[in-house]
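Have a look at final.txt; it's compact mmCIF, C-alpha atoms:
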# COMPACT_ATOMS: atom_id res chain seq x y z
CA MET A 1 -39.45 17.61 -8.95
CA ALA A 2 -39.41 14.56 -11.24
CA ALA A 3 -36.87 11.93 -10.32
CA VAL A 4 -33.86 11.77 -12.60
CA PRO A 5 -33.63 8.30 -14.17
CA MET A 6 -30.76 6.29 -12.81
CA ARG A 7 -29.71 2.77 -13.60
CA LEU A 8 -27.91 0.17 -11.55
CA VAL A 9 -25.89 -2.01 -13.89
CA PRO A 10 -25.59 -5.46 -12.28
CA LEU A 11 -22.29 -7.08 -13.16
CA VAL A 12 -22.48 -9.74 -10.48
CA SER A 13 -25.52 -11.55 -9.08
CA SER A 14 -28.66 -9.42 -9.12
CA PRO A 15 -30.27 -8.42 -5.81
CA SER A 16 -33.18 -10.79 -6.43
CA SER A 17 -30.92 -13.81 -6.70
CA SER A 18 -28.93 -15.40 -3.94
CA ARG A 19 -26.00 -13.28 -2.82
CA PRO A 20 -22.59 -14.38 -4.08
CA ALA A 21 -20.27 -15.97 -1.60
CA VAL A 22 -18.04 -13.40 0.04
CA GLN A 23 -14.30 -13.88 -0.23
CA LEU A 24 -12.69 -13.95 3.15
CA PRO A 25 -9.28 -12.41 3.79
CA PRO A 26 -6.44 -14.94 3.94
CA SER A 27 -4.46 -16.10 6.95
CA GLY A 28 -7.56 -16.94 8.95
CA ILE A 29 -8.77 -13.34 9.09
CA THR A 30 -12.55 -13.18 8.80
CA ALA A 31 -14.89 -10.25 8.35
CA ASP A 32 -18.64 -10.10 8.72
CA LEU A 33 -20.00 -8.38 5.62
CA ASN A 34 -23.67 -9.21 6.20
CA LEU A 35 -25.53 -6.04 7.14
CA SER A 36 -29.04 -7.39 6.52
CA ARG A 37 -29.50 -8.63 10.06
CA SER A 38 -31.71 -6.33 12.14
CA PHE A 39 -30.45 -5.37 15.58
CA ARG A 40 -32.60 -4.33 18.48
CA GLY A 41 -31.56 -2.40 21.54
CA SER A 42 -28.65 -0.03 22.09
CA ALA A 43 -26.25 -2.81 23.06
CA SER A 44 -26.81 -4.64 19.75
CA ARG A 45 -26.40 -1.46 17.75
CA PHE A 46 -23.11 -0.82 19.53
CA ARG A 47 -21.89 -4.32 18.66
CA CYS A 48 -22.71 -3.73 15.00
CA PHE A 49 -20.64 -0.53 14.86
CA ALA A 50 -17.79 -2.09 16.80
CA GLY A 51 -17.62 -5.00 14.37
CA GLN A 52 -17.52 -2.65 11.39
CA THR A 53 -14.78 -0.61 13.01
CA ASP A 54 -12.75 -3.78 13.47
CA PHE A 55 -13.38 -4.82 9.86
CA PHE A 56 -12.18 -1.55 8.33
CA THR A 57 -9.16 -1.38 10.65
CA ARG A 58 -8.11 -4.89 9.69
CA LEU A 59 -8.78 -4.19 6.02
CA GLY A 60 -6.39 -1.23 5.97
CA ARG A 61 -3.70 -3.19 7.77
CA LEU A 62 -4.16 -6.26 5.61
CA ILE A 63 -3.74 -4.30 2.37
CA ARG A 64 -0.62 -2.69 3.79
CA GLU A 65 0.83 -6.04 4.89
CA LYS A 66 0.21 -7.50 1.45
CA ALA A 67 2.19 -4.62 -0.04
CA LYS A 68 5.26 -5.88 1.78
CA ASN A 69 4.93 -9.11 -0.17
CA ASP A 70 4.95 -7.15 -3.43
CA VAL A 71 8.35 -5.53 -2.91
CA GLU A 72 9.56 -6.84 -6.25
CA LYS A 73 6.87 -4.86 -8.09
CA ILE A 74 7.84 -1.69 -6.28
CA PHE A 75 11.52 -2.38 -6.94
CA SER A 76 10.99 -2.87 -10.68
CA GLY A 77 8.57 0.05 -10.85
CA PHE A 78 11.25 2.52 -9.80
CA SER A 79 13.99 1.21 -12.09
CA LYS A 80 14.39 4.50 -13.98
CA THR A 81 14.70 6.56 -10.81
CA ARG A 82 17.14 4.02 -9.45
CA GLU A 83 19.28 4.33 -12.59
CA ASN A 84 19.45 8.10 -12.07
CA LEU A 85 20.54 7.66 -8.48
CA ALA A 86 23.06 4.89 -9.20
CA VAL A 87 25.72 7.57 -9.61
CA ILE A 88 25.58 8.03 -5.84
CA ASP A 89 27.08 4.58 -5.33
CA GLU A 90 29.92 5.47 -7.67
CA LEU A 91 30.54 8.74 -5.84
CA LEU A 92 30.64 7.07 -2.44
CA LEU A 93 32.68 4.03 -3.48
CA TYR A 94 36.01 5.89 -3.29
CA TRP A 95 34.90 8.73 -1.04
CA ASN A 96 37.42 10.37 1.24
CA LEU A 97 37.19 13.39 3.51
CA ALA A 98 39.13 15.67 1.16
CA ASP A 99 36.54 15.13 -1.59
CA THR A 100 33.54 15.84 0.62
CA ASP A 101 32.39 19.08 -1.04
CA ARG A 102 32.72 17.73 -4.58
CA VAL A 103 30.96 14.47 -3.75
CA LEU A 104 28.09 16.18 -1.95
CA ASP A 105 27.63 18.68 -4.80
CA GLU A 106 27.30 15.81 -7.27
CA LEU A 107 25.04 13.92 -4.89
CA GLU A 108 22.77 16.97 -4.68
CA GLU A 109 22.69 17.16 -8.47
CA ALA A 110 21.61 13.50 -8.66
CA LEU A 111 18.75 14.19 -6.25
CA LEU A 112 17.65 17.22 -8.28
CA VAL A 113 17.62 15.22 -11.53
CA SER A 114 15.28 12.72 -9.86
CA ASP A 115 12.92 15.57 -8.84
CA PHE A 116 13.55 15.63 -5.13
CA GLY A 117 13.36 19.40 -5.50
CA PRO A 118 15.81 22.14 -4.42
CA LYS A 119 14.49 22.45 -0.87
CA ILE A 120 14.61 18.73 -0.09
CA SER A 121 17.93 18.17 -1.84
CA MET A 122 19.64 20.98 0.07
CA LYS A 123 18.16 19.81 3.38
CA ILE A 124 19.46 16.26 2.86
CA VAL A 125 22.93 17.31 1.68
CA ASP A 126 23.40 19.88 4.45
CA SER A 127 22.51 17.26 7.03
CA LEU A 128 25.01 14.82 5.55
CA ARG A 129 27.72 17.48 5.47
CA ASP A 130 27.18 18.36 9.13
CA ASP A 131 27.42 14.70 10.15
CA ILE A 132 30.55 14.14 8.06
CA LEU A 133 32.32 17.16 9.51
CA ALA A 134 31.28 16.12 13.02
CA GLY A 135 32.92 12.75 12.48
CA LYS A 136 29.64 10.80 12.66
CA LEU A 137 29.97 9.44 9.11
CA LYS A 138 33.32 7.95 8.23
CA SER A 139 32.72 5.83 5.15
CA GLY A 140 30.77 5.76 1.92
CA ASN A 141 28.48 3.03 3.26
CA GLU A 142 27.66 5.09 6.34
CA ILE A 143 26.85 8.12 4.16
CA LYS A 144 24.58 5.97 1.97
CA GLU A 145 22.70 4.63 5.01
CA ALA A 146 22.38 8.15 6.44
CA LEU A 147 20.99 9.33 3.09
CA LYS A 148 18.34 6.58 3.09
CA LYS A 149 17.43 7.29 6.70
CA SER A 150 17.05 11.00 5.96
CA VAL A 151 14.65 10.35 3.07
CA LEU A 152 12.69 7.84 5.14
CA ASN A 153 12.33 10.37 7.97
CA LEU A 154 10.99 12.96 5.53
CA LEU A 155 8.37 10.53 4.30
CA THR A 156 7.25 9.29 7.71
CA GLY A 157 7.56 12.56 9.64
CA LYS A 158 4.86 14.49 7.78
CA GLY A 159 2.97 11.93 5.74
CA GLY A 160 0.54 10.64 8.36
CA LYS A 161 -1.19 7.28 8.04
CA THR A 162 -0.76 5.59 4.68
CA GLU A 163 -3.51 3.03 5.32
CA LEU A 164 -7.02 3.77 4.07
CA GLN A 165 -9.05 5.43 6.83
CA LEU A 166 -12.54 4.02 6.27
CA GLY A 167 -14.33 5.06 9.43
CA PHE A 168 -16.57 2.85 11.56
CA ARG A 169 -19.69 2.10 9.51
CA LYS A 170 -20.67 0.71 6.13
CA PRO A 171 -20.57 1.74 3.47
CA ALA A 172 -17.28 3.58 3.55
CA VAL A 173 -17.16 6.16 0.76
CA ILE A 174 -14.02 6.94 -1.24
CA MET A 175 -14.09 9.84 -3.71
CA VAL A 176 -11.39 9.91 -6.39
CA VAL A 177 -10.44 13.27 -7.93
CA GLY A 178 -7.78 14.61 -10.27
CA VAL A 179 -6.95 16.36 -13.53
CA ASN A 180 -7.59 14.97 -17.00
CA GLY A 181 -5.34 12.14 -18.12
CA GLY A 182 -3.79 11.37 -14.76
CA GLY A 183 -5.13 7.82 -14.58
CA LYS A 184 -8.03 8.53 -12.24
CA THR A 185 -10.60 6.04 -13.54
CA THR A 186 -7.98 3.34 -14.04
CA SER A 187 -6.73 3.84 -10.48
CA LEU A 188 -10.28 3.55 -9.17
CA GLY A 189 -10.71 0.27 -11.04
CA LYS A 190 -7.44 -1.13 -9.67
CA LEU A 191 -8.41 -0.05 -6.16
CA ALA A 192 -11.71 -1.91 -6.57
CA ARG A 193 -9.71 -5.00 -7.50
CA ARG A 194 -7.69 -4.78 -4.27
CA LEU A 195 -10.81 -4.32 -2.17
CA LYS A 196 -12.65 -7.17 -3.87
CA ASN A 197 -9.66 -9.44 -3.28
CA GLU A 198 -10.16 -8.84 0.45
CA GLY A 199 -13.84 -9.83 0.33
CA VAL A 200 -15.31 -6.33 0.23
CA LYS A 201 -18.61 -5.76 -1.55
CA VAL A 202 -17.85 -2.82 -3.85
CA LEU A 203 -20.21 -0.42 -5.60
CA MET A 204 -18.87 2.01 -8.19
CA ALA A 205 -20.41 5.40 -8.97
CA ALA A 206 -19.85 6.78 -12.47
CA GLY A 207 -19.61 10.43 -11.50
CA ASP A 208 -17.60 11.49 -14.55
CA THR A 209 -20.52 13.01 -16.46
CA PHE A 210 -18.39 15.19 -18.76
CA ARG A 211 -16.36 12.61 -20.68
CA ALA A 212 -18.49 10.61 -23.10
CA ALA A 213 -16.69 7.29 -22.67
CA ALA A 214 -16.13 7.55 -18.91
CA SER A 215 -19.13 5.46 -17.85
CA GLU A 216 -18.31 2.77 -20.40
CA GLN A 217 -14.71 2.65 -19.17
CA LEU A 218 -15.85 2.27 -15.57
CA GLU A 219 -18.35 -0.42 -16.56
CA VAL A 220 -15.48 -2.42 -18.05
CA TRP A 221 -13.59 -2.12 -14.75
CA ALA A 222 -16.71 -3.12 -12.82
CA GLU A 223 -17.01 -6.26 -14.92
CA ARG A 224 -13.30 -7.07 -14.54
CA THR A 225 -13.48 -6.73 -10.77
CA GLY A 226 -16.89 -8.29 -10.17
CA SER A 227 -18.32 -5.04 -8.80
CA GLU A 228 -21.60 -3.29 -9.48
CA ILE A 229 -21.97 0.21 -10.82
CA VAL A 230 -24.46 3.06 -10.73
CA THR A 231 -24.61 5.26 -13.83
CA ALA A 232 -26.86 8.06 -15.01
CA GLU A 233 -29.15 7.96 -18.01
CA GLY A 234 -29.29 11.16 -20.00
CA ASP A 235 -26.89 13.98 -20.78
CA LYS A 236 -28.19 16.46 -18.22
CA VAL A 237 -27.66 14.43 -15.09
CA LYS A 238 -25.20 16.11 -12.72
CA ALA A 239 -22.40 14.32 -10.91
CA PRO A 240 -23.60 15.15 -7.35
CA LEU A 241 -26.89 13.35 -8.01
CA VAL A 242 -25.16 10.28 -9.41
CA LEU A 243 -22.92 10.03 -6.36
CA SER A 244 -25.72 10.57 -3.85
CA GLN A 245 -27.88 7.90 -5.53
CA ALA A 246 -24.95 5.47 -5.46
CA VAL A 247 -24.26 6.08 -1.78
CA LYS A 248 -27.97 5.57 -1.00
CA LYS A 249 -27.86 2.29 -2.90
CA GLY A 250 -24.73 1.28 -1.01
CA LYS A 251 -26.36 2.09 2.31
CA GLU A 252 -29.61 0.27 1.52
CA GLN A 253 -28.03 -2.89 0.09
CA GLY A 254 -25.17 -3.38 2.53
CA TYR A 255 -22.14 -2.57 0.40
CA GLY A 256 -18.79 -2.33 2.14
CA VAL A 257 -17.26 0.44 0.04
CA VAL A 258 -18.65 2.89 -2.51
CA LEU A 259 -16.01 4.16 -4.96
CA CYS A 260 -16.99 7.50 -6.48
CA ASP A 261 -15.42 8.52 -9.77
CA THR A 262 -15.46 12.21 -10.72
CA SER A 263 -14.75 14.17 -13.87
CA GLY A 264 -11.16 15.15 -14.57
CA ARG A 265 -10.66 18.88 -14.33
CA LEU A 266 -7.95 21.49 -14.42
CA HIS A 267 -7.17 22.84 -10.98
CA THR A 268 -7.38 26.36 -12.46
CA ASN A 269 -11.03 25.98 -13.54
CA TYR A 270 -13.01 27.54 -10.70
CA SER A 271 -16.50 26.35 -11.69
CA LEU A 272 -15.42 22.73 -12.14
CA MET A 273 -13.53 22.77 -8.88
CA GLU A 274 -16.65 24.06 -7.15
CA GLU A 275 -18.58 21.10 -8.53
CA LEU A 276 -16.33 18.85 -6.46
CA VAL A 277 -17.54 20.70 -3.38
CA SER A 278 -21.12 19.94 -4.45
CA CYS A 279 -20.24 16.27 -4.90
CA LYS A 280 -18.74 16.15 -1.42
CA LYS A 281 -21.81 17.80 0.11
CA ALA A 282 -24.21 15.47 -1.74
CA VAL A 283 -22.46 12.41 -0.34
CA ALA A 284 -22.41 13.88 3.17
CA LYS A 285 -26.19 14.41 3.06
CA VAL A 286 -26.67 10.67 2.69
CA ILE A 287 -24.03 9.61 5.21
CA PRO A 288 -22.86 12.34 7.62
CA GLY A 289 -19.08 12.53 7.67
CA ALA A 290 -18.67 10.95 4.23
CA PRO A 291 -16.62 10.70 2.13
CA ASN A 292 -14.18 8.86 4.38
CA GLU A 293 -11.34 9.38 1.90
CA ILE A 294 -10.77 11.89 -0.89
CA LEU A 295 -7.92 10.51 -2.97
CA LEU A 296 -6.16 12.80 -5.43
CA VAL A 297 -4.61 11.05 -8.44
CA LEU A 298 -1.41 12.70 -9.69
CA ASP A 299 0.60 11.80 -12.79
CA GLY A 300 4.10 10.91 -11.63
CA THR A 301 5.63 11.79 -15.00
CA THR A 302 4.90 15.48 -14.32
CA GLY A 303 7.30 15.47 -11.36
CA LEU A 304 7.28 18.63 -9.29
CA ASN A 305 4.70 20.18 -11.60
CA MET A 306 2.10 18.19 -9.69
CA LEU A 307 2.52 20.37 -6.60
CA PRO A 308 0.28 23.29 -7.74
CA GLN A 309 -2.45 20.80 -8.64
CA ALA A 310 -2.23 19.13 -5.26
CA ARG A 311 -2.33 22.44 -3.37
CA GLU A 312 -5.44 23.62 -5.22
CA PHE A 313 -7.38 20.37 -4.88
CA ASN A 314 -6.47 20.19 -1.21
CA GLU A 315 -7.65 23.73 -0.59
CA VAL A 316 -10.99 23.14 -2.32
CA VAL A 317 -12.04 19.69 -1.08
CA GLY A 318 -9.54 18.65 1.60
CA VAL A 319 -7.52 15.82 0.10
CA THR A 320 -6.88 12.96 2.54
CA GLY A 321 -4.47 10.90 0.47
CA LEU A 322 -2.57 10.72 -2.81
CA ILE A 323 -2.34 8.17 -5.59
CA LEU A 324 0.78 8.71 -7.71
CA THR A 325 0.53 7.01 -11.09
CA LYS A 326 2.86 6.16 -13.99
CA LEU A 327 5.95 6.15 -11.79
CA ASP A 328 7.25 3.11 -13.63
CA GLY A 329 7.67 5.22 -16.78
CA SER A 330 9.40 8.10 -15.02
CA ALA A 331 12.82 8.81 -13.59
CA ARG A 332 11.28 11.43 -11.31
CA GLY A 333 10.43 9.27 -8.32
CA GLY A 334 11.88 11.87 -5.96
CA CYS A 335 8.68 13.84 -6.42
CA VAL A 336 7.07 11.43 -3.93
CA VAL A 337 9.26 12.89 -1.19
CA SER A 338 8.64 16.47 -2.29
CA VAL A 339 4.86 16.08 -2.32
CA VAL A 340 4.76 14.59 1.18
CA ASP A 341 7.16 17.19 2.58
CA GLU A 342 5.42 20.17 0.95
CA LEU A 343 1.80 19.21 1.64
CA GLY A 344 1.89 16.81 4.57
CA ILE A 345 -0.62 14.59 2.73
CA PRO A 346 0.15 10.86 2.84
CA VAL A 347 0.78 8.90 -0.34
CA LYS A 348 -1.58 5.93 -0.08
CA PHE A 349 -1.02 4.17 -3.38
CA ILE A 350 1.51 4.26 -6.21
CA GLY A 351 1.11 3.06 -9.78
CA VAL A 352 4.15 1.04 -10.85
CA GLY A 353 2.86 -0.67 -13.99
CA GLU A 354 -0.05 -1.21 -16.34
CA GLY A 355 -1.27 -4.49 -14.86
CA VAL A 356 -4.48 -4.71 -12.86
CA ASP A 357 -2.49 -5.52 -9.70
CA ASP A 358 0.12 -2.79 -10.20
CA LEU A 359 -1.53 -0.21 -7.96
CA GLN A 360 0.55 -0.78 -4.84
CA PRO A 361 -0.11 0.45 -1.28
CA PHE A 362 2.66 2.90 -0.51
CA ASP A 363 5.31 1.69 1.91
CA ALA A 364 7.95 4.31 2.70
CA GLU A 365 10.68 1.83 3.61
CA ALA A 366 10.13 -0.26 0.48
CA PHE A 367 10.18 2.91 -1.62
CA VAL A 368 13.50 4.08 -0.15
CA ASN A 369 15.06 0.66 -0.68
CA ALA A 370 13.76 0.59 -4.26
CA ILE A 371 15.34 3.89 -5.33
CA PHE A 372 18.58 3.49 -3.33
CA SER A 373 19.35 -0.17 -3.93
Please re-express this file's structure in structure tokens.
Amino acid sequence: MAAVPMRLVPLVSSPSSSRPAVQLPPSGITADLNLSRSFRGSASRFRCFAGQTDFFTRLGRLIREKAKNDVEKIFSGFSKTRENLAVIDELLLYWNLADTDRVLDELEEALLVSDFGPKISMKIVDSLRDDILAGKLKSGNEIKEALKKSVLNLLTGKGGKTELQLGFRKPAVIMVVGVNGGGKTTSLGKLARRLKNEGVKVLMAAGDTFRAAASEQLEVWAERTGSEIVTAEGDKVKAPLVLSQAVKKGKEQGYGVVLCDTSGRLHTNYSLMEELVSCKKAVAKVIPGAPNEILLVLDGTTGLNMLPQAREFNEVVGVTGLILTKLDGSARGGCVVSVVDELGIPVKFIGVGEGVDDLQPFDAEAFVNAIFS
């Protein structure tokens, strides 16, 4: 079979030139990104894998720690949800035991308006009512703190690890999936920016072969982030081949992370959903166990309507984490809690603005403080 023409678009130094200097993580944290050294003997091979394990572990933690320094962005990003929930402060300001039922009914309504969903809202309010009647909560401030603690427990109890789980060897492979218009390609570009800021050598794979301008859009992001990109030449090239060629390139040339874009698709389209399975298998043939992460991008403005999408994508490809976008333009931030509670899939990143640095690692405590200030 004739080889399908592929092209590697160099947007940083070409392979024939000297390699660009690698950015090292701040605070004295270093990471060895040079995979060109040959190792001999089982002991040396073990040291190589151990070092990579340490690198990816520190990378996930470092990105998460940096998120705690960006609390202001998360706070401003949830301003509309916070406005919806501000009524809770008014309700609890002059709360007394005789008004418990009325106050809790209005509190439940505020949660519903912010898309916490009926199930979650009732669970939270019933818990608060039980504690009030048992004499455990005796003031509006105590009720407010109990409310925040309840939401935090829902997020941390089922969500699993919010850090990227990138395995133990390079390249780590992240596949990004989602429906049309959810912000998938933009999220991939912003994720590349975060990884590059930590000194990771990033390769992008333009696996969206359906949308005419998709490759061009990703090339723009590659240039903005100083990454390289693999694209396909010709209209008949299938996404699985593009992704497999990119992962091979990443493996051969010592990239740290390969970010695989895919075509947006409706979760109800069976044939397109099956193509995602083919993409996943193609990547796994190159690196057994890959992709390390399958991140589903969901549009936060759709609120609870995102749940059927998430269920279907998870059933087909096994989603490992969520990226919730456009939350800064929505008053439906409660959907974050509903998605985690319903699916048990961790939210790994949230989009809280249009800037290149506005894709924030999800921090449950910062989120709760942002919506219940």
Checklist entry - For A:Ser263, which residue out of A:Gly157, A:Gly329, A:Gly226, A:Pro240 is the nearest one, using only C-alpha atoms? => result A:Pro240
Checklist entry - When you draw a straight line from atom CA of A:Leu322 to atom CA of A:Val297, how long is it in Å? => result 6.0 Å
Checklist entry - Skipping near chain neighbours, those fewer than 6 positions away, what residues fall within 12 Å of A:Ala134 using all atoms listed in the file, listed as number ranges by chain? => result A: 97, 127-128
Next on the checklist: Which polymer residues, whether protein, DNA or RNA, lie within 12 Å of the coordinate (15.1, 17.3, -8.1) when you count all atoms listed in the file? List them as number ranges by chain, using the chain letters and numbers from the file.
Outcome noted: A: 81, 84-85, 107-122, 124, 303-305, 331-339
Could you save those same residues with C-alpha atoms as a PDB file, keeping the file's coordinate frame?
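The result, written out as out-v1.pdb:
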ATOM      1  CA  THR A  81      14.700   6.560 -10.810  1.00  0.00           C
ATOM      2  CA  ASN A  84      19.450   8.100 -12.070  1.00  0.00           C
ATOM      3  CA  LEU A  85      20.540   7.660  -8.480  1.00  0.00           C
ATOM      4  CA  LEU A 107      25.040  13.920  -4.890  1.00  0.00           C
ATOM      5  CA  GLU A 108      22.770  16.970  -4.680  1.00  0.00           C
ATOM      6  CA  GLU A 109      22.690  17.160  -8.470  1.00  0.00           C
ATOM      7  CA  ALA A 110      21.610  13.500  -8.660  1.00  0.00           C
ATOM      8  CA  LEU A 111      18.750  14.190  -6.250  1.00  0.00           C
ATOM      9  CA  LEU A 112      17.650  17.220  -8.280  1.00  0.00           C
ATOM     10  CA  VAL A 113      17.620  15.220 -11.530  1.00  0.00           C
ATOM     11  CA  SER A 114      15.280  12.720  -9.860  1.00  0.00           C
ATOM     12  CA  ASP A 115      12.920  15.570  -8.840  1.00  0.00           C
ATOM     13  CA  PHE A 116      13.550  15.630  -5.130  1.00  0.00           C
ATOM     14  CA  GLY A 117      13.360  19.400  -5.500  1.00  0.00           C
ATOM     15  CA  PRO A 118      15.810  22.140  -4.420  1.00  0.00           C
ATOM     16  CA  LYS A 119      14.490  22.450  -0.870  1.00  0.00           C
ATOM     17  CA  ILE A 120      14.610  18.730  -0.090  1.00  0.00           C
ATOM     18  CA  SER A 121      17.930  18.170  -1.840  1.00  0.00           C
ATOM     19  CA  MET A 122      19.640  20.980   0.070  1.00  0.00           C
ATOM     20  CA  ILE A 124      19.460  16.260   2.860  1.00  0.00           C
ATOM     21  CA  GLY A 303       7.300  15.470 -11.360  1.00  0.00           C
ATOM     22  CA  LEU A 304       7.280  18.630  -9.290  1.00  0.00           C
ATOM     23  CA  ASN A 305       4.700  20.180 -11.600  1.00  0.00           C
ATOM     24  CA  ALA A 331      12.820   8.810 -13.590  1.00  0.00           C
ATOM     25  CA  ARG A 332      11.280  11.430 -11.310  1.00  0.00           C
ATOM     26  CA  GLY A 333      10.430   9.270  -8.320  1.00  0.00           C
ATOM     27  CA  GLY A 334      11.880  11.870  -5.960  1.00  0.00           C
ATOM     28  CA  CYS A 335       8.680  13.840  -6.420  1.00  0.00           C
ATOM     29  CA  VAL A 336       7.070  11.430  -3.930  1.00  0.00           C
ATOM     30  CA  VAL A 337       9.260  12.890  -1.190  1.00  0.00           C
ATOM     31  CA  SER A 338       8.640  16.470  -2.290  1.00  0.00           C
ATOM     32  CA  VAL A 339       4.860  16.080  -2.320  1.00  0.00           C
TER      33      VAL A 339
END
Checklist entry - Within 12 Å of A:Leu296, counting only C-alpha atoms, which residues qualify if same-chain residues fewer than 3 places away don't, as a PyMOL selection string? => result chain A and resi 174-180+182-185+187-188+261-262+264-265+267+276+293+299+306-307+309-314+316-325+339+345-350
Checklist entry - Near A:Ser330, within 8 Å and counting all atoms listed in the file, which residues show up once chain neighbours fewer than 5 positions away are dropped, as an MDAnalysis selection string? => result chainID A and resid 78 80:81 300:301
Next on the checklist: Report, in Å with one decimal, the straight-line distance from atom CA of A:Lys326 to atom CA of A:Val352.
Outcome noted: 6.1 Å
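In terms of minimum interatomic distance to A:Glu252, A:Pro171 ranks closest within A:Gly199, A:Gly353, A:Pro361, A:Pro171, counting only C-alpha atoms.
Each of A:Glu275, A:Val237, A:Ala290, A:Leu137 was compared to A:Lys251 using only C-alpha atoms, and A:Ala290 turns out to be the nearest.
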Checklist entry - When you draw a straight line from atom CA of A:Val202 to atom CA of A:Ala232, how long is it in Å? => result 18.0 Å
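With distances taken over all atoms listed in the file, A:Ala192 is the one residue among A:Val340, A:Ala192, A:Val151, A:Leu93 lying closest to A:Arg224.
The residue that comes closest to A:Gly189, out of A:Leu133, A:Ala172, A:Leu92, A:Leu259 and on the basis of only C-alpha atoms, is A:Leu259.
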Next on the checklist: When you count all atoms listed in the file, which of these residues is closest to A:Leu91: A:Leu154, A:Leu104, A:Leu243, A:Val286?
Outcome noted: A:Leu104
Next on the checklist: Env of A:Glu354: 10 Å cut, atoms = only C-alpha atoms, seq-sep filter 2 positions within chain, self excluded. Answer as a ChimeraX atom specification.
Outcome noted: /A:186,190,325-326,328,351-352,356-359
Residues as selected, C-alpha atoms, written as a PDB file, in the frame of the given file, can you do that?
ATOM      1  CA  THR A 186      -7.980   3.340 -14.040  1.00  0.00           C
ATOM      2  CA  LYS A 190      -7.440  -1.130  -9.670  1.00  0.00           C
ATOM      3  CA  THR A 325       0.530   7.010 -11.090  1.00  0.00           C
ATOM      4  CA  LYS A 326       2.860   6.160 -13.990  1.00  0.00           C
ATOM      5  CA  ASP A 328       7.250   3.110 -13.630  1.00  0.00           C
ATOM      6  CA  GLY A 351       1.110   3.060  -9.780  1.00  0.00           C
ATOM      7  CA  VAL A 352       4.150   1.040 -10.850  1.00  0.00           C
ATOM      8  CA  VAL A 356      -4.480  -4.710 -12.860  1.00  0.00           C
ATOM      9  CA  ASP A 357      -2.490  -5.520  -9.700  1.00  0.00           C
ATOM     10  CA  ASP A 358       0.120  -2.790 -10.200  1.00  0.00           C
ATOM     11  CA  LEU A 359      -1.530  -0.210  -7.960  1.00  0.00           C
TER      12      LEU A 359
END
Atoms are missing here; could stretch 135-144 of chain A be completed with N, CA, C and O atoms and written as a PDB file, in the coordinates of the input?
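File written: selection_39.pdb
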ATOM      1  N   GLY A 135      32.295  14.050  12.282  1.00  0.00           N
ATOM      2  CA  GLY A 135      32.920  12.750  12.480  1.00  0.00           C
ATOM      3  C   GLY A 135      31.944  11.614  12.699  1.00  0.00           C
ATOM      4  O   GLY A 135      32.346  10.503  13.070  1.00  0.00           O
ATOM      5  N   LYS A 136      30.642  11.848  12.449  1.00  0.00           N
ATOM      6  CA  LYS A 136      29.640  10.800  12.660  1.00  0.00           C
ATOM      7  C   LYS A 136      29.588   9.817  11.492  1.00  0.00           C
ATOM      8  O   LYS A 136      29.176   8.674  11.660  1.00  0.00           O
ATOM      9  N   LEU A 137      29.986  10.286  10.301  1.00  0.00           N
ATOM     10  CA  LEU A 137      29.970   9.440   9.110  1.00  0.00           C
ATOM     11  C   LEU A 137      31.399   9.331   8.585  1.00  0.00           C
ATOM     12  O   LEU A 137      32.008  10.340   8.212  1.00  0.00           O
ATOM     13  N   LYS A 138      31.897   8.113   8.537  1.00  0.00           N
ATOM     14  CA  LYS A 138      33.320   7.950   8.230  1.00  0.00           C
ATOM     15  C   LYS A 138      33.590   7.073   7.014  1.00  0.00           C
ATOM     16  O   LYS A 138      34.749   6.800   6.700  1.00  0.00           O
ATOM     17  N   SER A 139      32.526   6.652   6.333  1.00  0.00           N
ATOM     18  CA  SER A 139      32.720   5.830   5.150  1.00  0.00           C
ATOM     19  C   SER A 139      31.578   6.058   4.164  1.00  0.00           C
ATOM     20  O   SER A 139      30.528   6.615   4.520  1.00  0.00           O
ATOM     21  N   GLY A 140      31.801   5.618   2.925  1.00  0.00           N
ATOM     22  CA  GLY A 140      30.770   5.760   1.920  1.00  0.00           C
ATOM     23  C   GLY A 140      29.505   5.004   2.286  1.00  0.00           C
ATOM     24  O   GLY A 140      28.387   5.485   2.056  1.00  0.00           O
ATOM     25  N   ASN A 141      29.647   3.819   2.866  1.00  0.00           N
ATOM     26  CA  ASN A 141      28.480   3.030   3.260  1.00  0.00           C
ATOM     27  C   ASN A 141      27.661   3.741   4.343  1.00  0.00           C
ATOM     28  O   ASN A 141      26.426   3.721   4.320  1.00  0.00           O
ATOM     29  N   GLU A 142      28.360   4.366   5.281  1.00  0.00           N
ATOM     30  CA  GLU A 142      27.660   5.090   6.340  1.00  0.00           C
ATOM     31  C   GLU A 142      26.917   6.299   5.768  1.00  0.00           C
ATOM     32  O   GLU A 142      25.802   6.617   6.202  1.00  0.00           O
ATOM     33  N   ILE A 143      27.514   6.978   4.802  1.00  0.00           N
ATOM     34  CA  ILE A 143      26.850   8.120   4.160  1.00  0.00           C
ATOM     35  C   ILE A 143      25.603   7.645   3.412  1.00  0.00           C
ATOM     36  O   ILE A 143      24.542   8.277   3.471  1.00  0.00           O
ATOM     37  N   LYS A 144      25.727   6.517   2.713  1.00  0.00           N
ATOM     38  CA  LYS A 144      24.580   5.970   1.970  1.00  0.00           C
ATOM     39  C   LYS A 144      23.437   5.627   2.935  1.00  0.00           C
ATOM     40  O   LYS A 144      22.269   5.958   2.669  1.00  0.00           O
TER      41      LYS A 144
END
